[in-house]
Amino acid sequence: MFEVRVEAEFAAAHFLKDYHGKCENLHGHNYRVFAHAKGENLDAGGMLIDFGDLKAALRKVCKVLDHTNLNDLQENGAFVFMQNPSAERIAKYIYEKISLELPDCPLYAVDVFETSTSRARYIAPNCAGNANSTSSTLEENMDDSMWL
Ligand SMILES: [Zn+2]
């Protein structure tokens, strides 16, 4: 299994409703974002995904978020984060935007760090359940005695 990761950063303001603590007041973060791709198959050039392509897609979505108040961010007349821009929702949003940009990329997860010690991760919905079926397929192939 191969895995590649690219990263980007953006700065934005947010506050959390329905939450009682420091984060209910408007404040900012320098968000750090990792996008992970994962898969068994390499292309003819020996790559899982071109770092440049994945980084360009990640930077494109980070640019939309950069220097905004995330609570105010709207698309198609709706609040993108339902006015509660948690790191979890930001991670899912970035995952979905990269997936639209790179439909063939085996995107596995997006990490959003609010601080160096606080990270939320969104994992591709089709990845958690596939681990077992992938390994059983490999076992079946091994049992086929293709080597003999
Ligand atoms: Zn915060």
# chains A, B, ... in the order shown; residues from 1 in each chain; ligands from 1
call {"tool": "residues_near_ligand", "arguments": {"ligand": "ligand 1", "cutoff": "7 Å", "atoms": "only C-alpha atoms and all ligand atoms", "output": "PyMOL selection string"}}
result
chain A and resi 14-15+23+27-29+114
call {"tool": "write_last_selection", "arguments": {"atoms": "N, CA and C atoms", "output": "short mmCIF file (atom, residue, chain, number, x, y, z; two decimals), in the first residue's frame"}}
result
data_model
loop_
_atom_site.label_atom_id
_atom_site.label_comp_id
_atom_site.auth_asym_id
_atom_site.auth_seq_id
_atom_site.Cartn_x
_atom_site.Cartn_y
_atom_site.Cartn_z
N HIS A 14 -13.01 32.22 13.14
CA HIS A 14 -14.25 31.47 13.35
C HIS A 14 -14.68 31.60 14.82
N PHE A 15 -15.87 31.22 15.07
CA PHE A 15 -16.33 31.00 16.44
C PHE A 15 -17.34 29.87 16.40
N CYS A 23 -13.76 29.03 22.59
CA CYS A 23 -14.02 29.06 21.14
C CYS A 23 -15.37 29.65 20.77
N HIS A 27 -12.27 34.29 17.02
CA HIS A 27 -10.81 34.20 17.12
C HIS A 27 -10.28 33.60 15.82
N GLY A 28 -8.98 33.54 15.70
CA GLY A 28 -8.40 33.04 14.45
C GLY A 28 -7.46 31.88 14.66
N HIS A 29 -7.23 31.16 13.58
CA HIS A 29 -6.24 30.07 13.59
C HIS A 29 -5.41 30.16 12.31
N GLU A 114 -5.99 22.71 14.00
CA GLU A 114 -6.27 24.07 14.48
C GLU A 114 -5.05 24.62 15.20
#
call {"tool": "select_by_dssp", "arguments": {"residues": "region 32-81 of chain A", "states": "alpha helix (DSSP H)", "output": "short mmCIF file (atom, residue, chain, number, x, y, z; two decimals) with C-alpha atoms, in the first residue's frame"}}
result
data_model
loop_
_atom_site.label_atom_id
_atom_site.label_comp_id
_atom_site.auth_asym_id
_atom_site.auth_seq_id
_atom_site.Cartn_x
_atom_site.Cartn_y
_atom_site.Cartn_z
CA PHE A 51 2.25 15.61 -5.78
CA GLY A 52 1.75 18.74 -7.88
CA ASP A 53 -1.82 17.86 -8.86
CA LEU A 54 -2.85 17.03 -5.30
CA LYS A 55 -1.13 20.11 -3.91
CA ALA A 56 -2.78 22.36 -6.52
CA ALA A 57 -6.24 21.01 -5.62
CA LEU A 58 -5.57 21.43 -1.90
CA ARG A 59 -4.26 24.96 -2.34
CA LYS A 60 -7.25 25.91 -4.47
CA VAL A 61 -9.71 25.08 -1.72
CA CYS A 62 -7.50 26.62 0.99
CA LYS A 63 -7.45 29.83 -1.01
CA VAL A 64 -11.24 30.00 -0.80
CA LEU A 65 -11.02 29.72 3.00
#
call {"tool": "residues_around", "arguments": {"residues": "region 33-40 of chain A", "least_positions_apart": "6", "cutoff": "7 Å", "atoms": "only C-alpha atoms", "output": "list in words"}}
result
Met1, Phe2, Glu3, Val4, Arg5, Val6, Glu7, Ala8, Glu9, Leu48, Pro106, Leu107, Tyr108, Ala109, Val110, Asp111, Val112 and Phe113 of chain A
call {"tool": "write_last_selection", "arguments": {"atoms": "N, CA and C atoms", "output": "JSON list (two decimals), in the first residue's frame"}}
result
[["chain", "number", "residue", "atom", "x", "y", "z"],
["A", 1, "MET", "N", 0.84, -1.19, 0.00],
["A", 1, "MET", "CA", 0.00, 0.00, 0.00],
["A", 1, "MET", "C", 0.88, 1.25, 0.00],
["A", 2, "PHE", "N", 0.56, 2.16, -0.89],
["A", 2, "PHE", "CA", 1.31, 3.42, -0.97],
["A", 2, "PHE", "C", 0.47, 4.55, -0.40],
["A", 3, "GLU", "N", 1.15, 5.50, 0.18],
["A", 3, "GLU", "CA", 0.45, 6.67, 0.69],
["A", 3, "GLU", "C", 1.29, 7.90, 0.40],
["A", 4, "VAL", "N", 0.63, 8.95, -0.07],
["A", 4, "VAL", "CA", 1.32, 10.22, -0.23],
["A", 4, "VAL", "C", 0.54, 11.30, 0.51],
["A", 5, "ARG", "N", 1.25, 12.31, 0.90],
["A", 5, "ARG", "CA", 0.62, 13.39, 1.67],
["A", 5, "ARG", "C", 1.16, 14.72, 1.18],
["A", 6, "VAL", "N", 0.28, 15.68, 1.01],
["A", 6, "VAL", "CA", 0.71, 17.05, 0.73],
["A", 6, "VAL", "C", 0.08, 17.94, 1.80],
["A", 7, "GLU", "N", 0.64, 19.10, 1.95],
["A", 7, "GLU", "CA", 0.09, 19.99, 2.98],
["A", 7, "GLU", "C", 0.00, 21.43, 2.51],
["A", 8, "ALA", "N", -0.86, 22.17, 3.18],
["A", 8, "ALA", "CA", -1.04, 23.59, 2.87],
["A", 8, "ALA", "C", -1.53, 24.26, 4.15],
["A", 9, "GLU", "N", -1.57, 25.57, 4.12],
["A", 9, "GLU", "CA", -2.01, 26.34, 5.29],
["A", 9, "GLU", "C", -2.95, 27.45, 4.86],
["A", 48, "LEU", "N", 1.56, 7.22, -7.32],
["A", 48, "LEU", "CA", 0.17, 7.03, -6.88],
["A", 48, "LEU", "C", -0.67, 8.21, -7.36],
["A", 106, "PRO", "N", -7.03, 8.70, -5.48],
["A", 106, "PRO", "CA", -7.46, 7.83, -4.35],
["A", 106, "PRO", "C", -7.30, 8.56, -3.02],
["A", 107, "LEU", "N", -8.07, 9.65, -2.89],
["A", 107, "LEU", "CA", -7.98, 10.48, -1.67],
["A", 107, "LEU", "C", -8.49, 9.67, -0.49],
["A", 108, "TYR", "N", -7.69, 9.62, 0.54],
["A", 108, "TYR", "CA", -8.01, 8.78, 1.69],
["A", 108, "TYR", "C", -8.49, 9.59, 2.90],
["A", 109, "ALA", "N", -7.82, 10.70, 3.17],
["A", 109, "ALA", "CA", -8.18, 11.46, 4.37],
["A", 109, "ALA", "C", -7.69, 12.90, 4.26],
["A", 110, "VAL", "N", -8.36, 13.76, 5.00],
["A", 110, "VAL", "CA", -7.92, 15.15, 5.14],
["A", 110, "VAL", "C", -7.81, 15.46, 6.63],
["A", 111, "ASP", "N", -6.66, 15.97, 7.02],
["A", 111, "ASP", "CA", -6.43, 16.39, 8.41],
["A", 111, "ASP", "C", -6.46, 17.91, 8.48],
["A", 112, "VAL", "N", -7.13, 18.43, 9.49],
["A", 112, "VAL", "CA", -7.12, 19.87, 9.74],
["A", 112, "VAL", "C", -6.60, 20.08, 11.16],
["A", 113, "PHE", "N", -5.47, 20.78, 11.24],
["A", 113, "PHE", "CA", -4.89, 21.13, 12.54],
["A", 113, "PHE", "C", -5.31, 22.56, 12.88]]
call {"tool": "select_by_dssp", "arguments": {"residues": "chain A", "states": "strand (DSSP E)", "output": "PyMOL selection string"}}
result
chain A and resi 2-14+27-39+74-75+78-79+107-115+118-123
call {"tool": "decode", "arguments": {"residues": "region 20-148 of chain A", "atoms": "C-alpha atoms", "output": "JSON list (two decimals), in the first residue's frame"}}
result
[["chain", "number", "residue", "atom", "x", "y", "z"],
["A", 20, "HIS", "CA", -19.29, 26.99, 25.98],
["A", 21, "GLY", "CA", -15.64, 27.83, 26.23],
["A", 22, "LYS", "CA", -13.00, 30.01, 24.69],
["A", 23, "CYS", "CA", -14.02, 29.06, 21.14],
["A", 24, "GLU", "CA", -17.43, 30.71, 21.38],
["A", 25, "ASN", "CA", -15.69, 34.07, 20.94],
["A", 26, "LEU", "CA", -14.47, 35.16, 17.53],
["A", 27, "HIS", "CA", -10.81, 34.20, 17.12],
["A", 28, "GLY", "CA", -8.40, 33.04, 14.45],
["A", 29, "HIS", "CA", -6.24, 30.07, 13.59],
["A", 30, "ASN", "CA", -3.42, 29.37, 11.23],
["A", 31, "TYR", "CA", -4.93, 26.14, 9.99],
["A", 32, "ARG", "CA", -2.59, 23.46, 8.71],
["A", 33, "VAL", "CA", -4.11, 20.93, 6.33],
["A", 34, "PHE", "CA", -2.83, 17.55, 5.18],
["A", 35, "ALA", "CA", -4.38, 15.67, 2.26],
["A", 36, "HIS", "CA", -3.58, 11.96, 2.12],
["A", 37, "ALA", "CA", -3.94, 9.66, -0.87],
["A", 38, "LYS", "CA", -3.61, 5.93, -0.46],
["A", 39, "GLY", "CA", -3.67, 2.98, -2.84],
["A", 40, "GLU", "CA", -2.02, -0.10, -4.28],
["A", 41, "ASN", "CA", -1.75, 0.96, -7.90],
["A", 42, "LEU", "CA", 0.90, 3.21, -9.37],
["A", 43, "ASP", "CA", 0.69, 4.87, -12.76],
["A", 44, "ALA", "CA", 3.15, 4.29, -15.58],
["A", 45, "GLY", "CA", 5.42, 6.91, -14.03],
["A", 46, "GLY", "CA", 5.52, 4.97, -10.77],
["A", 47, "MET", "CA", 3.33, 7.44, -8.92],
["A", 48, "LEU", "CA", 0.17, 7.03, -6.88],
["A", 49, "ILE", "CA", -0.78, 10.64, -7.61],
["A", 50, "ASP", "CA", 1.29, 13.54, -8.84],
["A", 51, "PHE", "CA", 2.25, 15.61, -5.78],
["A", 52, "GLY", "CA", 1.75, 18.74, -7.88],
["A", 53, "ASP", "CA", -1.82, 17.86, -8.86],
["A", 54, "LEU", "CA", -2.85, 17.03, -5.30],
["A", 55, "LYS", "CA", -1.13, 20.11, -3.91],
["A", 56, "ALA", "CA", -2.78, 22.36, -6.52],
["A", 57, "ALA", "CA", -6.24, 21.01, -5.62],
["A", 58, "LEU", "CA", -5.57, 21.43, -1.90],
["A", 59, "ARG", "CA", -4.26, 24.96, -2.34],
["A", 60, "LYS", "CA", -7.25, 25.91, -4.47],
["A", 61, "VAL", "CA", -9.71, 25.08, -1.72],
["A", 62, "CYS", "CA", -7.50, 26.62, 0.99],
["A", 63, "LYS", "CA", -7.45, 29.83, -1.01],
["A", 64, "VAL", "CA", -11.24, 30.00, -0.80],
["A", 65, "LEU", "CA", -11.02, 29.72, 3.00],
["A", 66, "ASP", "CA", -8.00, 31.96, 3.52],
["A", 67, "HIS", "CA", -8.58, 35.26, 5.36],
["A", 68, "THR", "CA", -12.30, 34.71, 5.76],
["A", 69, "ASN", "CA", -14.58, 34.48, 8.72],
["A", 70, "LEU", "CA", -15.55, 30.84, 8.24],
["A", 71, "ASN", "CA", -18.88, 31.43, 9.98],
["A", 72, "ASP", "CA", -19.95, 33.75, 7.15],
["A", 73, "LEU", "CA", -18.87, 31.52, 4.27],
["A", 74, "GLN", "CA", -21.76, 30.74, 1.93],
["A", 75, "GLU", "CA", -22.19, 28.70, -1.22],
["A", 76, "ASN", "CA", -25.39, 28.64, -3.23],
["A", 77, "GLY", "CA", -27.10, 30.74, -0.58],
["A", 78, "ALA", "CA", -26.36, 28.32, 2.26],
["A", 79, "PHE", "CA", -23.83, 28.52, 5.07],
["A", 80, "VAL", "CA", -21.03, 26.12, 4.20],
["A", 81, "PHE", "CA", -20.39, 25.07, 7.81],
["A", 82, "MET", "CA", -23.90, 25.60, 9.16],
["A", 83, "GLN", "CA", -22.31, 28.52, 11.06],
["A", 84, "ASN", "CA", -20.30, 26.12, 13.21],
["A", 85, "PRO", "CA", -16.98, 25.81, 11.42],
["A", 86, "SER", "CA", -15.41, 23.07, 13.51],
["A", 87, "ALA", "CA", -12.16, 21.47, 12.37],
["A", 88, "GLU", "CA", -14.18, 18.33, 11.59],
["A", 89, "ARG", "CA", -16.50, 20.15, 9.18],
["A", 90, "ILE", "CA", -13.60, 21.98, 7.57],
["A", 91, "ALA", "CA", -11.83, 18.65, 6.99],
["A", 92, "LYS", "CA", -14.92, 17.17, 5.32],
["A", 93, "TYR", "CA", -15.40, 20.27, 3.18],
["A", 94, "ILE", "CA", -11.81, 20.19, 1.96],
["A", 95, "TYR", "CA", -12.08, 16.45, 1.29],
["A", 96, "GLU", "CA", -15.17, 16.96, -0.86],
["A", 97, "LYS", "CA", -13.68, 19.87, -2.81],
["A", 98, "ILE", "CA", -10.51, 17.94, -3.62],
["A", 99, "SER", "CA", -12.61, 14.94, -4.66],
["A", 100, "LEU", "CA", -14.54, 17.12, -7.11],
["A", 101, "GLU", "CA", -11.31, 18.58, -8.47],
["A", 102, "LEU", "CA", -9.52, 15.22, -8.75],
["A", 103, "PRO", "CA", -12.18, 12.52, -9.19],
["A", 104, "ASP", "CA", -9.59, 9.84, -10.01],
["A", 105, "CYS", "CA", -7.36, 10.58, -7.03],
["A", 106, "PRO", "CA", -7.46, 7.83, -4.35],
["A", 107, "LEU", "CA", -7.98, 10.48, -1.67],
["A", 108, "TYR", "CA", -8.01, 8.78, 1.69],
["A", 109, "ALA", "CA", -8.18, 11.46, 4.37],
["A", 110, "VAL", "CA", -7.92, 15.15, 5.14],
["A", 111, "ASP", "CA", -6.43, 16.39, 8.41],
["A", 112, "VAL", "CA", -7.12, 19.87, 9.74],
["A", 113, "PHE", "CA", -4.89, 21.13, 12.54],
["A", 114, "GLU", "CA", -6.27, 24.07, 14.48],
["A", 115, "THR", "CA", -3.10, 24.06, 16.54],
["A", 116, "SER", "CA", -0.03, 21.85, 16.52],
["A", 117, "THR", "CA", -1.68, 19.62, 19.12],
["A", 118, "SER", "CA", -5.31, 19.55, 17.90],
["A", 119, "ARG", "CA", -6.25, 17.72, 14.72],
["A", 120, "ALA", "CA", -9.51, 16.58, 13.17],
["A", 121, "ARG", "CA", -9.52, 14.01, 10.37],
["A", 122, "TYR", "CA", -12.14, 13.19, 7.75],
["A", 123, "ILE", "CA", -11.67, 9.73, 6.23],
["A", 124, "ALA", "CA", -13.08, 8.73, 2.84],
["A", 125, "PRO", "CA", -16.44, 7.02, 3.46],
["A", 126, "ASN", "CA", -15.51, 4.10, 1.20],
["A", 127, "CYS", "CA", -12.17, 3.45, 2.91],
["A", 128, "ALA", "CA", -13.08, 2.24, 6.38],
["A", 129, "GLY", "CA", -15.19, -0.65, 5.10],
["A", 130, "ASN", "CA", -12.85, -1.63, 2.29],
["A", 131, "ALA", "CA", -9.89, -2.71, 4.37],
["A", 132, "ASN", "CA", -11.21, -6.24, 4.90],
["A", 133, "SER", "CA", -12.45, -6.83, 1.39],
["A", 134, "THR", "CA", -9.12, -5.67, -0.04],
["A", 135, "SER", "CA", -7.16, -8.06, 2.11],
["A", 136, "SER", "CA", -9.49, -10.97, 1.34],
["A", 137, "THR", "CA", -9.12, -10.26, -2.38],
["A", 138, "LEU", "CA", -5.38, -10.39, -1.98],
["A", 139, "GLU", "CA", -5.63, -13.67, -0.09],
["A", 140, "GLU", "CA", -7.81, -15.12, -2.85],
["A", 141, "ASN", "CA", -5.23, -14.12, -5.43],
["A", 142, "MET", "CA", -2.52, -15.74, -3.35],
["A", 143, "ASP", "CA", -4.58, -18.93, -3.13],
["A", 144, "ASP", "CA", -4.94, -19.04, -6.89],
["A", 145, "SER", "CA", -1.38, -20.34, -7.03],
["A", 146, "MET", "CA", -0.52, -17.87, -9.75],
["A", 147, "TRP", "CA", 3.11, -18.27, -8.81],
["A", 148, "LEU", "CA", 3.36, -21.95, -9.64]]
